[in-house]
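Data first, discussion second: the structure below is written as structure tokens.
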Amino acid sequence: MSSVLRTPSSGQGPLMEYRPISSHLAITPPVSVVIPAMNEAENLPYVFKTLPGWIHEVVLVDGNSTDDTVEVARELWPGVKVVEQSGKGKGDALITGFEACTGDIIVMVDADGSADGHEIVSYVSALVSGADFAKGSRFANGGGTDDMTFIRKLGNWALCTIVNRKFGARYTDLCYGYNAFWRHCLDKIDLDCTGFEIETLINVRVVKAGLKVQEIPSYEYLRIHGTSNLRAVRDGFRVLKVILGERSNRRALRRRVRHSPMLTTGRGESS
């Protein structure tokens with residue numbers, strides 16, 4: 001699906017590969033999709049069928065699966081890069097996947113079928129338009145979820161409120177793992193969390209680093225096969241511990257915000 005584009009206006013100079021991703025947008029940066037998976041063989045067909053063909057690479061991080069996860073992935077996407085996870089936890093899997101990526105843009109996608117790969121175009125569009133970090137939100141205008149109990153929704157709101165007040169962010173959704181970012185952001189957020197709390201840690205450290213964030217309305221579907229390991233109360237306290245462990249630097253953030261808006265939400269807000 002790739003084509004070639006001459007960048008200099010004179011028609012002279014090096015050729016650059018570009019990828020048409022919609023009728024109105026073509027990009028040159030290669031996009032890597034990271035999918036952490038453990039025993040997700042039944043769900044992968046639903047995940048891979050929504051991934052756009054212009055993706056540069058798919059990196060599947062296998063968490064020592066005992067089913068046919070790896071075989072199914074290779075059958076569905078012959079060029080998939082399979083990386084064996086040596087440690088444990090979603091955070092460890094994501095960090096392992098990030099290290100294996102060769103693309104300039106990295107997209108995080110869950111392997112349970114809850115995320116729609118067709119939305120990747122919106123994330124990439126935000127990044128090539130100037131954002132450093134494209135943050136999926138189920139609660140921005142246009143987003144939604146089929147997998148949110150009242151307790152989880154309340155907990156997510158409370159945790160989101162704490163982060164917004166403590167770090168000067170304006171997130172509408174905190175505990176959602178469908179995100180995308182430029183690879184260079186990894187040099188500024190120093191990930192050191194091995195559990196699922198890594199998603200919250202990324203969101204907090206992106207704000208602390210003063211990176212430009214744009215929220216992307218996203219729809220979360222129910223897990224198709226299997227059961228989730230999520231425990232709302234227990235996991236909520238784990239996320240809270242991560243948040244409270246991060247030092248606030250709101251004074252420095254305010255100085256940066258005066259010169260450049262740090263966060264643009266799905267509703268056009270900035271902070």
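Residues are referred to by chain and number: the chain letter is A, B, ... according to the order shown in the structure tokens, the number counts from 1 in that chain, and ligands are numbered separately from 1 in the order shown.
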Select from range 53-266 of chain A everything DSSP, run on the backbone, classes as alpha helix (DSSP H), then give the selection as a ChimeraX atom specification.
/A:69-76,90-100,120-128,150-167,186-189,198-208,232-245,250-259
Within 12 Å of Leu244 in chain A, counting only C-alpha atoms, which residues qualify if same-chain residues fewer than 2 places away don't, as a short mmCIF file (atom, residue, chain, number, x, y, z; two decimals) with N, CA and C atoms, in the first residue's frame?
```cif
data_model
loop_
_atom_site.label_atom_id
_atom_site.label_comp_id
_atom_site.auth_asym_id
_atom_site.auth_seq_id
_atom_site.Cartn_x
_atom_site.Cartn_y
_atom_site.Cartn_z
N LEU A 159 -9.90 8.82 40.31
CA LEU A 159 -8.47 8.79 40.03
C LEU A 159 -8.10 9.85 38.99
N ILE A 162 -7.96 13.23 40.68
CA ILE A 162 -6.74 13.39 41.47
C ILE A 162 -5.57 13.78 40.57
N VAL A 163 -5.42 13.07 39.46
CA VAL A 163 -4.32 13.37 38.53
C VAL A 163 -4.46 14.78 37.96
N ARG A 165 -5.91 17.39 39.26
CA ARG A 165 -5.64 18.42 40.27
C ARG A 165 -4.18 18.42 40.70
N LYS A 166 -3.61 17.26 40.80
CA LYS A 166 -2.23 17.17 41.30
C LYS A 166 -1.20 17.57 40.25
N PHE A 167 -1.48 17.27 38.99
CA PHE A 167 -0.48 17.50 37.96
C PHE A 167 -0.89 18.54 36.92
N THR A 200 -1.42 4.19 33.71
CA THR A 200 -1.57 5.41 34.49
C THR A 200 -0.24 6.14 34.60
N LEU A 201 0.83 5.39 34.82
CA LEU A 201 2.15 6.00 34.95
C LEU A 201 2.53 6.76 33.69
N VAL A 204 0.59 10.05 33.59
CA VAL A 204 1.10 11.02 34.55
C VAL A 204 2.44 11.60 34.09
N PHE A 237 -6.67 0.78 44.09
CA PHE A 237 -5.69 1.19 45.10
C PHE A 237 -4.27 1.10 44.56
N ARG A 238 -4.01 0.14 43.69
CA ARG A 238 -2.68 0.04 43.08
C ARG A 238 -2.40 1.25 42.19
N VAL A 239 -3.41 1.65 41.44
CA VAL A 239 -3.26 2.84 40.60
C VAL A 239 -3.07 4.08 41.46
N LEU A 240 -3.85 4.20 42.52
CA LEU A 240 -3.73 5.34 43.43
C LEU A 240 -2.33 5.43 44.02
N LYS A 241 -1.77 4.29 44.37
CA LYS A 241 -0.41 4.27 44.93
C LYS A 241 0.61 4.82 43.93
N VAL A 242 0.43 4.47 42.66
CA VAL A 242 1.33 4.98 41.62
C VAL A 242 1.18 6.51 41.51
N GLU A 246 4.13 9.81 42.58
CA GLU A 246 4.73 10.75 41.63
C GLU A 246 4.68 12.17 42.21
N ARG A 247 5.79 12.85 42.20
CA ARG A 247 5.84 14.23 42.70
C ARG A 247 5.18 15.17 41.70
N SER A 248 4.40 16.10 42.22
CA SER A 248 3.76 17.09 41.37
C SER A 248 4.74 18.22 41.04
#
```
Write out as an MDAnalysis selection string all residues of range 80-214 of chain A that DSSP puts in strand (DSSP E or B) for this structure's backbone.
chainID A and resid 81:84 105:108 133:137 144:145 179:182 213:214
Do a neighbour search on Ser137 in chain A at 6 Å with only C-alpha atoms, toss out local chain neighbours closer than 3 positions, and write the hits as a PyMOL selection string.
chain A and resi 140+173+216-218
List the neighbours of Thr102 in chain A out to 7 Å using only C-alpha atoms; skip same-chain residues closer than 2 positions along the sequence, and give me the result as a PyMOL selection string.
chain A and resi 32+100+104
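Proximity of A:Gly130, A:Pro20, A:Gly195, A:Gly79 to Lys212 in chain A, computed with only C-alpha atoms, is greatest for A:Gly130.
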Might you pull out every residue within 8 Å of Asn43 in chain A, with only C-alpha atoms counted and same-chain residues fewer than 5 positions away left off, and present them as a PyMOL selection string?
chain A and resi 111-113+224-225
Closest to Gly155 in chain A among A:Cys175, A:Val33, A:Gly89, A:Val72, using only C-alpha atoms?
A:Cys175
Residues within 7 Å of Asp132 in chain A, only C-alpha atoms, excluding chain neighbours under 3 positions, as a PyMOL selection string:
chain A and resi 127+181-182+211-213
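Counting only C-alpha atoms and comparing A:Leu94, A:Ile27, A:Ala169, A:Ile243, the residue that lies closest to Leu191 in chain A is A:Leu94.
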